[in-house]
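First up is the structure itself, then whatever we jot down about it.
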Amino acid sequence: MSQIFDRRRMTLAAVLGALLASTMAGYAADDTIKVGVLHSLSGTMAISETTLKDTVLYLIDEQNKKGGVLGKKLEAVVVDPASNWPLFAEKARELISQDKVSVVFGCWTSVSRKSVLPVFKELNSILFYPVQYEGEESERNVFYTGAAPNQQAIPAVDYLMKEEGVQRWVLAGTDYVYPRTTNKILEAYLKAKGVSADDIMINYTPFGHSDWQSIVADIKKFGSAGKKTAVVSTINGDANVPFYKELGNQGIKAEDIPVVAFSVGEEELAGIDTKPLVGHLAAWNYFESIDSEANAAFIDGWHKFIKNDKRTTNDPMEATYIGFNAWVKAVEAAGTTNTDTVIDTLVGTTVPNLSGGYATIMPNHHITKPVLIGEIQDNGQFDIVSRTAPVVGDEWSDYLEGSKDLIADWRKPLSCGNFNVVTGKCGGGS
Amino acid sequence: MTDKAEGSLLYLDNVSVSFDGFRAINRLSLVLEPGEMRAIIGPNGAGKTTMMDIITGKTRPDAGDVLFDGSVDLTRLDEAAIANLGIGRKFQKPTVFESHSVEDNIALALKGRRGAFAALFHRRSAIEQDRIDALLATIRLSDKRDLLAARLSHGQKQWLEIGMLLAQEPRLLLIDEPAAGMTDAETAETASLLKEIAKTQSVVVVEHDMTFVRALGVKVTVLHEGSVLAEGSLDAVSANPKVIEVYLGR
Amino acid sequence: MSFTCPPTNSPFAASISLVDLVWGYCGILSLGHGAFFALGGYAMGMYLMRQIGTRGVYADPVLPDFMVFLNWKELPWFWQGFDMAWYAFLMVVLVPGVIAFLFGWLSFRSRVTGVYLSIITQALTYALLLAFFRNDMGFGGNNGLTDFKDILGFPIQAPGTRAVLFAASALMLALGFVVASAVVRSKLGKVLVAIRDAESRTGFIGYRVEHYKLFVWTLSAVMAGIAGALYVPQVGIINPSEFDPAASIEAVIWVAVGGRGTLIGPLIGAVAVNFGKTWFTGVLPEVWLYALGTLFVVVTLFLPRGIVGLWGRVVTRRAAPAKEVDGSGRQAGEAA
Amino acid sequence: MSFFRLFTIFFALIAGFQPALASRVADTDLSSRIAALGVGGFDDLEKAIANLAASGDDRVPAILDRLGNGELTVRKADGLVFFADKVGTDFRLTDPVTGVDAGLAPKATVEKVKVNNRIRRAIASAVGALTLMSPDPAVRRTAAEAVMKSADVTALPVLERAIAAETVADVRAAMVAARATALLASDAPEADKVTAIAAIADIGSRDALGFLSGYTSTDGAVGDAARKAVAAIESRLMLWDIGQNLWYGLSLGSVLLLAAIGLAITFGVMGVINMAHGEMVMLGAYATFTVQETIRTSWPQLFDYSLLIALPVAFLTAALAGILIERLVIRWLYGRPLETLLATWGVSLILQQAVRSLYGANNREVGNPSWMSGSFALGEIQITWTRLWIILFALAVFLALIALLKRTRLGLEMRAVTQNRQMAAAVGIRTPLVDALIFGLGSGVAGLAGVALSQIDNVSPNLGRGYIIDSFMVVVFGGVGNLWGTLVGALTLGVANKMLEPYAGAVLGKIILLLAIILFIQKRPRGLFALKGRAVEA
């Protein structure tokens, strides 16, 4: 860690001009491969992103123990974009053009990813993005190791239909792009499955919404129409705690109206008394409670690295794990860290995931993931009740009007992130 | 109503105002002739300052007429409009622009266009400069013209404020306790300055200091509990038993 | 570059000197100036979105990408016209200007001053924050507007364009400085200081205080809007976080640190605070908030005139009356 | 709760009634039925539960109950099903039929019998049917409700017997309702079904509505009757809905009142803008967390009193913090409200970061004591205990404050100082002390708000931020310097918000309200209940 701090100080000094530069020369050793870490360490997103920064450092540490990559040690370059979206772009530029990193692991929110995209395109570098997102994007320089909507939402709905016989749906979300898109996809999907518009209720709330009385009551009302009802929740972040508290207090049990959430993981549950919530569901590609050797080893190593047995693990961490290992494997296979070569090699790379299976990077730069459905337990963990075969991330949803004709394939000769199969043209962009 | 107000400079009739049930001004009537200087006395809480507030538009009366120049209804205007009609006011506590130099204080008060855009493109003319110089001489602060107003003594601030009033070229000056906190010498000088001013403008002086009022030698109005208790020369009102009772207690 | 202030923050810094125009010179503490900055930025962002044309991922000639995937069928009325640069640039000035004018006209006319005004400016920017977060508003929700391609026909990422934009920002900064100092030196500037020192006295000598406040308020909002418009093409994104009240408050501290009531102060403050931020968040991220918090307290308690004031005291050794600055606070305090 | 209730059933069965209910099957039969629980997926498990319940054995409810709690495991070696109690990382296995200890098994050698919601429903229904004859009326009632929810046709004969034997009126009503739902689901004659609909319609609740809605699309007399009944219930519920919204509004208002009332003192009475007010609320919430955590680890039996214990702790913590802030920062800035605003904003940043350093950035769990969990129905208005207690608490705090300011010596001195500082000092009041105390009081009250908010909101370092703008709005709207104004302001805004929400949605509703307040302040710059006159303007 201190090594990183020293580096930061030096960058600073270099800009300042003269004061320290002469005394701390020669930091850019050539026998390392630099890995950029672009996660907020301060500001609103620090709470989530700091964990991912530590995850990357942990993975680098492990890799270096195994001898590094291509015979060179990996060296982390950590910057703090401070939850400030424009600053993400600036820090990305700094990492690529100044620190000359070979790859960047980073971003959490879609805004931050959107903000750095032009930089990665312009300077031609690689970004691994480890968080579930709304899809509708495929860029040559980005690898999406989090779930696309079809890797969370649709299997979850399938599960509820089959296992719970749900016929009536509440789509409740925070008013931002991920829930909007996911709900649009789900709405189209449900209608395609013969659910009538009357049986779908859509509700949006602001960030950090804390008074859920009316909405929970509405859900209850909507649920008393003689048909089995479920809530699909894309409620984000802090708003979940008061939402679940209100559910518990108004006596909505999972047996009556189950809630399946896509943004509630082990960390979010840590702030709630989960006893009244037993049976509510979450859909992810990873749960800490997964019973696999890979997972046990990962958790064990993580606890040792972070020196805290209580730290939970979560889905974006697994996505970081997959992305990191895929990159290592591709670099080893290509024998170089050259961006273009690595991008081409990455497609088709297969690495183990933490749930005992494998993840493959597809030509659309998304990966295959199994979808797990977990039920909340009274100890704040999830009990996995369903698991699908690996699903390929669908970047352009088949259920959205604007994107159903689009596909992405970054292999030659197509090399296009938004190829329109109807017009036969590669959409916008260059 | 205008009949009675005809020919007067300031006309208050049956004015009342109350704050949270407390009647600060109670059916007050007062008439000031053009060119007249009037002293207003009264114990604390008699409504002197509130009366000033009403005249200058800071406080709206609940009832009654306030007319300027026999016809202009002051209750409908705000402070700036009333000031531009030609009513100047000096506060009890000297209020000058402390971050500005003495000269700028006068320059800001100088009669002229008051609009924001006019101010943005304003250039000081030679005539204005002469006028400023003259005023500075009148208030005896010529040698301190570049000093920040904050650094003036209390008495000097009082004078500066009077100077600013004069710069406005008002037709009526309302002056609240000009002698408060002044030395005897300063008080005497202030009295003579006011008498000088009264030659060209109407003046209303609110004052506690009886020697000062006596030095002014003008008609006196005694306020008590928001209404006029007595009016006349200082000697006459001093002899008024009601006034004696109010001042000496019952 | 580690020292991140110059490229992206210079327009912001420019707008900050305008915060000082209303606070340092006029005694109006706006906790919502970021709103005008963001509104200007959005107007520019809308123009840049329309310039993308068919190069968006869905290749829709009219609708921006985020509208396509949320199934919008046609362009909302308030997006019309933004394909024309002149119209968009007009809106950059008009939108913040008109909103500031209306807000100021209502507030100053009803004598909402001091802390009340500060609180409702905060409420205003908070309301706008919530509004722009709403996807139904048609401004791209929390993702905002991004993925810009070119500006006035020049590719936005090209080094040449970036250099020109940077130069434009520097020019804007200089221009803002010139305008602000012209305003401050004029008689109008003196009236503003007069209002700050003794608002009622200014009214009683015939200045219509609310007009002056409204003028400088609207002017500063317009310039904040222009600054926002220059900021957006450089950072390539505009989203509702620019409306966050905390961002506006943080900007105020730049002014306080540099020294309010001076024009150079806010610039020094902006540079100093951002430098500190870059340094701290790099070295000890968790210490940054302590440092920033302490800065707020220390500056208000011990450095009422900021760095500039401190410098002035050191250089001239003249016992500057600290009261002058207090005047603003005390005056505004009349309302409380 | 269900867990708890089932436990009661369990004990009632074992303790009281074993001899009386002699319905038992052979141990081997029961064992084989239990062994089926460990085979196959959820579909198989559901069948196995039905099969187990069909045995009618009185040991079944207890076994099913443990199944529902996830305490049944399959031993991988032989596929037998046992009760499992966790001992360290291992499990102690017990034979569910005989109660014989089967020894310790390491985690890797056993596999939990997984249950999901569907299985839990099946368990509830099965246990319901089996416990309809329980001696405890509360258990019978729960059983009847469970059967009603599942509309289990197979439970009809048991229901008939239970109804015949039932003596307690409301339990009998619940059973009749359960029979009606089961009848409707069965292939009984149409006339019976119409009668059943009438019986359900009489209940008139939302559950009844939900049940009947399922039959509105049926043809014939049943459909007609269902449609009519649904319409009748809906029109009845409409009025209740207004009441419900009003209740939500009051509840939101009480939260706003709690958050704002401390501010009404520091801002309204003292004129100090304390941007760190929200952080005082947060400190109160963290104090609650700390108290609960201590109780949880040291005196778990006191858990239900944890909030009561937290009240003085939270008050003192926040009050002390407030006094410190006043002494160290604010007192140097009296008369300079804008500077105070900035300095206290800085204090708020420091406090947030301090809490983040001490407790971590994640949310902390503060549990609801049992007397604050769950809800009850007042007619068709659902009233949750948390909200009810918070409303009462808010009012109590408010009245206590009024009393303190009006009736005590301290209150008198406070009013004296705020009205005329010099005069108060002249008559011998130690004004600096009073300043500190007022500020401490305002902060302490915010700390109390934190105790209440910990029950419904996140306990995170950002807790306070979310309330600061709303609190200022309440105080400014209600009228500065007037506690009653704050009360009226908070309740008005709460109710207005909740009345707007159904039409405008949560986001737009809030925006509309904010803009309305901004406009309102232009109209009445000093709020609803403004003090008028020279005293405030001078």
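Simple scheme: letters A, B, ... for chains in structure tokens order, numbers from 1 for residues in each chain, numbers from 1 for ligands in the order shown.
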
Residues of chain C within 9 Å of chain A, only C-alpha atoms counted, as a PDB file with N, CA and C atoms, in the first residue's frame:
```pdb
ATOM      1  N   MET C   1      -2.444  14.229 -15.739  1.00  0.00           N
ATOM      2  CA  MET C   1      -1.931  15.233 -14.823  1.00  0.00           C
ATOM      3  C   MET C   1      -2.501  15.044 -13.436  1.00  0.00           C
ATOM      4  N   SER C   2      -1.650  15.165 -12.524  1.00  0.00           N
ATOM      5  CA  SER C   2      -2.096  14.954 -11.171  1.00  0.00           C
ATOM      6  C   SER C   2      -2.827  16.196 -10.663  1.00  0.00           C
ATOM      7  N   PHE C   3      -2.323  17.289 -11.127  1.00  0.00           N
ATOM      8  CA  PHE C   3      -2.911  18.551 -10.689  1.00  0.00           C
ATOM      9  C   PHE C   3      -4.067  18.855 -11.627  1.00  0.00           C
ATOM     10  N   THR C   4      -5.261  18.514 -11.195  1.00  0.00           N
ATOM     11  CA  THR C   4      -6.370  18.415 -12.127  1.00  0.00           C
ATOM     12  C   THR C   4      -7.112  19.716 -12.334  1.00  0.00           C
ATOM     13  N   THR C   8     -10.271  21.154 -16.379  1.00  0.00           N
ATOM     14  CA  THR C   8     -11.719  21.040 -16.275  1.00  0.00           C
ATOM     15  C   THR C   8     -12.332  22.079 -15.369  1.00  0.00           C
ATOM     16  N   ILE C  52     -24.769  14.638 -32.642  1.00  0.00           N
ATOM     17  CA  ILE C  52     -24.363  13.252 -32.856  1.00  0.00           C
ATOM     18  C   ILE C  52     -25.047  12.690 -34.090  1.00  0.00           C
ATOM     19  N   GLY C  53     -26.318  13.085 -34.259  1.00  0.00           N
ATOM     20  CA  GLY C  53     -27.065  12.640 -35.433  1.00  0.00           C
ATOM     21  C   GLY C  53     -27.115  11.128 -35.528  1.00  0.00           C
ATOM     22  N   THR C  54     -26.845  10.613 -36.710  1.00  0.00           N
ATOM     23  CA  THR C  54     -26.986   9.173 -36.915  1.00  0.00           C
ATOM     24  C   THR C  54     -25.797   8.389 -36.381  1.00  0.00           C
ATOM     25  N   ARG C  55     -24.838   9.075 -35.771  1.00  0.00           N
ATOM     26  CA  ARG C  55     -23.681   8.346 -35.273  1.00  0.00           C
ATOM     27  C   ARG C  55     -23.914   7.738 -33.895  1.00  0.00           C
ATOM     28  N   GLY C  56     -25.138   7.937 -33.346  1.00  0.00           N
ATOM     29  CA  GLY C  56     -25.467   7.291 -32.083  1.00  0.00           C
ATOM     30  C   GLY C  56     -25.535   5.789 -32.275  1.00  0.00           C
ATOM     31  N   VAL C  57     -25.527   5.050 -31.174  1.00  0.00           N
ATOM     32  CA  VAL C  57     -25.478   3.596 -31.317  1.00  0.00           C
ATOM     33  C   VAL C  57     -26.713   3.044 -32.018  1.00  0.00           C
ATOM     34  N   TYR C  58     -27.837   3.737 -31.915  1.00  0.00           N
ATOM     35  CA  TYR C  58     -29.035   3.243 -32.592  1.00  0.00           C
ATOM     36  C   TYR C  58     -29.215   3.900 -33.954  1.00  0.00           C
ATOM     37  N   ALA C  59     -28.319   4.815 -34.285  1.00  0.00           N
ATOM     38  CA  ALA C  59     -28.338   5.482 -35.584  1.00  0.00           C
ATOM     39  C   ALA C  59     -29.648   6.193 -35.863  1.00  0.00           C
ATOM     40  N   ASP C  60     -30.316   6.654 -34.823  1.00  0.00           N
ATOM     41  CA  ASP C  60     -31.533   7.418 -35.044  1.00  0.00           C
ATOM     42  C   ASP C  60     -31.129   8.851 -35.396  1.00  0.00           C
ATOM     43  N   PHE C  66     -30.469   7.808 -25.453  1.00  0.00           N
ATOM     44  CA  PHE C  66     -31.227   7.437 -24.260  1.00  0.00           C
ATOM     45  C   PHE C  66     -32.733   7.499 -24.497  1.00  0.00           C
ATOM     46  N   VAL C  68     -34.068   6.660 -27.420  1.00  0.00           N
ATOM     47  CA  VAL C  68     -34.405   5.489 -28.231  1.00  0.00           C
ATOM     48  C   VAL C  68     -34.620   4.285 -27.339  1.00  0.00           C
ATOM     49  N   PHE C  69     -33.708   4.041 -26.420  1.00  0.00           N
ATOM     50  CA  PHE C  69     -33.902   2.802 -25.678  1.00  0.00           C
ATOM     51  C   PHE C  69     -34.951   2.901 -24.588  1.00  0.00           C
ATOM     52  N   LEU C  70     -35.415   4.116 -24.299  1.00  0.00           N
ATOM     53  CA  LEU C  70     -36.571   4.218 -23.414  1.00  0.00           C
ATOM     54  C   LEU C  70     -37.860   4.370 -24.218  1.00  0.00           C
ATOM     55  N   ASN C  71     -37.765   4.051 -25.513  1.00  0.00           N
ATOM     56  CA  ASN C  71     -38.945   4.030 -26.387  1.00  0.00           C
ATOM     57  C   ASN C  71     -39.625   5.368 -26.573  1.00  0.00           C
ATOM     58  N   LEU C 130     -33.431  16.787  -8.211  1.00  0.00           N
ATOM     59  CA  LEU C 130     -34.434  15.722  -8.258  1.00  0.00           C
ATOM     60  C   LEU C 130     -35.091  15.672  -9.631  1.00  0.00           C
ATOM     61  N   PHE C 133     -32.900  14.215 -12.305  1.00  0.00           N
ATOM     62  CA  PHE C 133     -32.729  12.788 -12.110  1.00  0.00           C
ATOM     63  C   PHE C 133     -33.856  12.000 -12.769  1.00  0.00           C
ATOM     64  N   ARG C 134     -35.014  12.624 -12.842  1.00  0.00           N
ATOM     65  CA  ARG C 134     -36.170  11.896 -13.381  1.00  0.00           C
ATOM     66  C   ARG C 134     -35.952  11.613 -14.852  1.00  0.00           C
ATOM     67  N   ASN C 135     -36.067  10.372 -15.228  1.00  0.00           N
ATOM     68  CA  ASN C 135     -35.923  10.037 -16.632  1.00  0.00           C
ATOM     69  C   ASN C 135     -37.059  10.616 -17.454  1.00  0.00           C
ATOM     70  N   GLY C 140     -32.050  12.519 -19.877  1.00  0.00           N
ATOM     71  CA  GLY C 140     -31.116  11.410 -19.720  1.00  0.00           C
ATOM     72  C   GLY C 140     -30.952  10.912 -18.296  1.00  0.00           C
ATOM     73  N   GLY C 141     -31.830  11.336 -17.381  1.00  0.00           N
ATOM     74  CA  GLY C 141     -31.779  10.823 -16.015  1.00  0.00           C
ATOM     75  C   GLY C 141     -30.414  10.993 -15.376  1.00  0.00           C
ATOM     76  N   ASN C 142     -30.035  10.048 -14.552  1.00  0.00           N
ATOM     77  CA  ASN C 142     -28.785  10.238 -13.808  1.00  0.00           C
ATOM     78  C   ASN C 142     -27.552  10.093 -14.687  1.00  0.00           C
ATOM     79  N   ASN C 143     -27.695   9.426 -15.821  1.00  0.00           N
ATOM     80  CA  ASN C 143     -26.549   9.347 -16.718  1.00  0.00           C
ATOM     81  C   ASN C 143     -26.293  10.682 -17.409  1.00  0.00           C
ATOM     82  N   GLY C 144     -27.319  11.472 -17.513  1.00  0.00           N
ATOM     83  CA  GLY C 144     -27.151  12.769 -18.145  1.00  0.00           C
ATOM     84  C   GLY C 144     -26.887  12.640 -19.629  1.00  0.00           C
ATOM     85  N   THR C 146     -24.101  12.478 -22.706  1.00  0.00           N
ATOM     86  CA  THR C 146     -22.698  12.129 -22.909  1.00  0.00           C
ATOM     87  C   THR C 146     -22.523  11.538 -24.302  1.00  0.00           C
ATOM     88  N   ASP C 147     -21.333  11.029 -24.582  1.00  0.00           N
ATOM     89  CA  ASP C 147     -21.019  10.407 -25.867  1.00  0.00           C
ATOM     90  C   ASP C 147     -21.026  11.433 -27.007  1.00  0.00           C
ATOM     91  N   PHE C 148     -20.608  12.645 -26.705  1.00  0.00           N
ATOM     92  CA  PHE C 148     -20.608  13.697 -27.722  1.00  0.00           C
ATOM     93  C   PHE C 148     -19.602  13.392 -28.821  1.00  0.00           C
ATOM     94  N   LYS C 149     -19.929  13.815 -30.031  1.00  0.00           N
ATOM     95  CA  LYS C 149     -19.023  13.551 -31.149  1.00  0.00           C
ATOM     96  C   LYS C 149     -18.284  14.818 -31.588  1.00  0.00           C
ATOM     97  N   GLN C 157     -12.981  15.243 -29.503  1.00  0.00           N
ATOM     98  CA  GLN C 157     -11.853  14.648 -28.800  1.00  0.00           C
ATOM     99  C   GLN C 157     -10.502  15.036 -29.413  1.00  0.00           C
ATOM    100  N   ALA C 158     -10.563  15.642 -30.597  1.00  0.00           N
ATOM    101  CA  ALA C 158      -9.306  15.949 -31.284  1.00  0.00           C
ATOM    102  C   ALA C 158      -8.479  16.925 -30.456  1.00  0.00           C
ATOM    103  N   VAL C 235     -15.270  18.068 -20.590  1.00  0.00           N
ATOM    104  CA  VAL C 235     -15.285  16.845 -19.800  1.00  0.00           C
ATOM    105  C   VAL C 235     -16.123  15.768 -20.472  1.00  0.00           C
ATOM    106  N   GLY C 236     -16.892  16.174 -21.488  1.00  0.00           N
ATOM    107  CA  GLY C 236     -17.627  15.190 -22.274  1.00  0.00           C
ATOM    108  C   GLY C 236     -18.866  14.629 -21.612  1.00  0.00           C
ATOM    109  N   ILE C 237     -19.325  15.240 -20.547  1.00  0.00           N
ATOM    110  CA  ILE C 237     -20.520  14.709 -19.891  1.00  0.00           C
ATOM    111  C   ILE C 237     -21.153  15.806 -19.055  1.00  0.00           C
ATOM    112  N   ILE C 238     -22.478  15.764 -18.985  1.00  0.00           N
ATOM    113  CA  ILE C 238     -23.158  16.622 -18.009  1.00  0.00           C
ATOM    114  C   ILE C 238     -24.248  15.763 -17.380  1.00  0.00           C
ATOM    115  N   ASN C 239     -24.278  15.723 -16.086  1.00  0.00           N
ATOM    116  CA  ASN C 239     -25.343  14.947 -15.444  1.00  0.00           C
ATOM    117  C   ASN C 239     -25.779  15.632 -14.158  1.00  0.00           C
ATOM    118  N   SER C 241     -25.478  15.394 -11.127  1.00  0.00           N
ATOM    119  CA  SER C 241     -24.680  15.588  -9.921  1.00  0.00           C
ATOM    120  C   SER C 241     -24.142  17.013  -9.835  1.00  0.00           C
ATOM    121  N   THR C 278      -6.879  17.072  -4.567  1.00  0.00           N
ATOM    122  CA  THR C 278      -6.161  16.093  -5.371  1.00  0.00           C
ATOM    123  C   THR C 278      -5.098  15.406  -4.541  1.00  0.00           C
ATOM    124  N   TRP C 279      -4.417  16.201  -3.761  1.00  0.00           N
ATOM    125  CA  TRP C 279      -3.337  15.655  -2.972  1.00  0.00           C
ATOM    126  C   TRP C 279      -3.858  14.687  -1.920  1.00  0.00           C
ATOM    127  N   THR C 281      -6.904  13.187  -1.618  1.00  0.00           N
ATOM    128  CA  THR C 281      -7.618  12.005  -2.069  1.00  0.00           C
ATOM    129  C   THR C 281      -6.641  11.010  -2.671  1.00  0.00           C
ATOM    130  N   GLY C 282      -5.485  11.494  -3.119  1.00  0.00           N
ATOM    131  CA  GLY C 282      -4.484  10.573  -3.618  1.00  0.00           C
ATOM    132  C   GLY C 282      -3.745   9.879  -2.492  1.00  0.00           C
ATOM    133  N   VAL C 283      -3.372  10.640  -1.499  1.00  0.00           N
ATOM    134  CA  VAL C 283      -2.509  10.096  -0.457  1.00  0.00           C
ATOM    135  C   VAL C 283      -3.307   9.413   0.645  1.00  0.00           C
ATOM    136  N   LEU C 284      -4.252  10.133   1.192  1.00  0.00           N
ATOM    137  CA  LEU C 284      -5.050   9.609   2.298  1.00  0.00           C
ATOM    138  C   LEU C 284      -6.514   9.956   2.058  1.00  0.00           C
ATOM    139  N   PRO C 285      -7.203   9.157   1.243  1.00  0.00           N
ATOM    140  CA  PRO C 285      -8.564   9.540   0.867  1.00  0.00           C
ATOM    141  C   PRO C 285      -9.458   9.783   2.072  1.00  0.00           C
ATOM    142  N   GLU C 286      -9.263   8.976   3.124  1.00  0.00           N
ATOM    143  CA  GLU C 286     -10.220   9.108   4.231  1.00  0.00           C
ATOM    144  C   GLU C 286      -9.986  10.380   5.039  1.00  0.00           C
ATOM    145  N   TRP C 288      -9.441  13.300   3.626  1.00  0.00           N
ATOM    146  CA  TRP C 288      -9.862  14.464   2.864  1.00  0.00           C
ATOM    147  C   TRP C 288     -11.042  15.194   3.500  1.00  0.00           C
ATOM    148  N   LEU C 289     -12.049  14.440   3.938  1.00  0.00           N
ATOM    149  CA  LEU C 289     -13.221  15.116   4.493  1.00  0.00           C
ATOM    150  C   LEU C 289     -12.897  15.824   5.806  1.00  0.00           C
TER     151      LEU C 289
END
```

Chain D residues near chain C (7 Å cut-off, only C-alpha atoms) as a ChimeraX atom specification: /D:271,335-339,342-343,346-347,349-350,353,469,507,511,514,518,522-523,525,537-538

Please check the contacts: residues of chain B at most 9 Å away from chain D, using only C-alpha atoms, listed as a ChimeraX atom specification. /B:18-20,50,59

Write to file, as a PDB file, in the first residue's frame, the residues of the selection just made, with N, CA and C atoms.
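Just written: part.pdb:
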```pdb
ATOM      1  N   SER B  18     -50.077  48.242  14.471  1.00  0.00           N
ATOM      2  CA  SER B  18     -49.824  47.437  15.665  1.00  0.00           C
ATOM      3  C   SER B  18     -48.984  46.214  15.300  1.00  0.00           C
ATOM      4  N   PHE B  19     -48.192  45.807  16.256  1.00  0.00           N
ATOM      5  CA  PHE B  19     -47.366  44.604  16.102  1.00  0.00           C
ATOM      6  C   PHE B  19     -47.825  43.576  17.109  1.00  0.00           C
ATOM      7  N   ASP B  20     -48.299  42.465  16.610  1.00  0.00           N
ATOM      8  CA  ASP B  20     -48.727  41.380  17.493  1.00  0.00           C
ATOM      9  C   ASP B  20     -49.604  41.909  18.629  1.00  0.00           C
ATOM     10  N   THR B  50     -41.078  54.265  14.960  1.00  0.00           N
ATOM     11  CA  THR B  50     -42.088  53.634  14.116  1.00  0.00           C
ATOM     12  C   THR B  50     -42.716  54.665  13.191  1.00  0.00           C
ATOM     13  N   THR B  59     -42.378  50.546   7.180  1.00  0.00           N
ATOM     14  CA  THR B  59     -43.512  49.884   7.806  1.00  0.00           C
ATOM     15  C   THR B  59     -44.796  50.394   7.160  1.00  0.00           C
TER      16      THR B  59
END
```

At a cut-off of 9 Å, which residues of chain A touch chain D? Count only C-alpha atoms and give the answer as a ChimeraX atom specification. /A:46-48,163-164,175,203-206,208-211,213-215,217-218,220-221,223-227,238-243,245-246,248-251,254-256,258,267-273,275-276,279-280,375,383-385

Let's have the selection written as a tab-separated table (two decimals), in the first residue's frame, with C-alpha atoms.
```
chain	number	residue	atom	x	y	z
A	46	ALA	CA	-16.53	4.99	-1.99
A	47	ILE	CA	-18.67	2.69	0.14
A	48	SER	CA	-19.03	0.24	-2.74
A	163	GLU	CA	-41.81	-21.85	-8.80
A	164	GLU	CA	-44.23	-19.36	-7.31
A	175	ASP	CA	-35.48	6.31	-11.11
A	203	ASN	CA	-43.17	2.47	-9.87
A	204	TYR	CA	-40.16	4.73	-9.63
A	205	THR	CA	-38.73	6.47	-6.61
A	206	PRO	CA	-35.86	8.91	-6.15
A	208	GLY	CA	-32.31	7.51	-1.14
A	209	HIS	CA	-36.11	7.40	-0.88
A	210	SER	CA	-36.93	6.79	2.74
A	211	ASP	CA	-40.69	6.93	3.19
A	213	GLN	CA	-45.42	3.63	3.44
A	214	SER	CA	-47.59	4.54	0.46
A	215	ILE	CA	-45.69	2.46	-2.04
A	217	ALA	CA	-49.39	-0.14	0.71
A	218	ASP	CA	-49.91	0.20	-3.04
A	220	LYS	CA	-50.21	-4.70	-1.03
A	221	LYS	CA	-53.31	-3.37	-2.72
A	223	GLY	CA	-51.35	-7.84	-4.67
A	224	SER	CA	-54.89	-8.37	-3.45
A	225	ALA	CA	-56.45	-9.01	-6.80
A	226	GLY	CA	-56.74	-12.72	-6.49
A	227	LYS	CA	-53.61	-13.48	-8.45
A	238	ASP	CA	-29.60	3.03	0.64
A	239	ALA	CA	-33.26	3.12	-0.26
A	240	ASN	CA	-33.44	-0.64	0.25
A	241	VAL	CA	-33.14	-0.61	4.02
A	242	PRO	CA	-36.23	1.50	4.72
A	243	PHE	CA	-38.07	-0.38	1.96
A	245	LYS	CA	-38.14	-2.39	7.01
A	246	GLU	CA	-41.50	-1.13	5.81
A	248	GLY	CA	-41.47	-6.26	7.35
A	249	ASN	CA	-43.55	-3.89	9.44
A	250	GLN	CA	-46.56	-3.96	7.16
A	251	GLY	CA	-46.40	-7.70	7.45
A	254	ALA	CA	-42.25	-13.60	1.30
A	255	GLU	CA	-44.89	-16.32	1.24
A	256	ASP	CA	-47.51	-13.72	0.32
A	258	PRO	CA	-42.12	-12.26	-2.66
A	267	GLU	CA	-23.43	-5.81	1.95
A	268	GLU	CA	-26.84	-4.19	1.74
A	269	LEU	CA	-28.35	-6.83	4.02
A	270	ALA	CA	-25.72	-6.13	6.63
A	271	GLY	CA	-27.72	-3.06	7.67
A	272	ILE	CA	-31.04	-4.81	8.15
A	273	ASP	CA	-32.53	-7.22	10.60
A	275	LYS	CA	-35.60	-12.07	10.24
A	276	PRO	CA	-38.80	-10.59	8.82
A	279	GLY	CA	-37.71	-15.87	1.82
A	280	HIS	CA	-37.41	-12.67	-0.19
A	375	GLU	CA	-33.47	-16.52	-0.69
A	383	ASP	CA	-29.69	-19.61	0.35
A	384	ILE	CA	-29.40	-20.54	-3.30
A	385	VAL	CA	-32.68	-22.02	-4.50
```
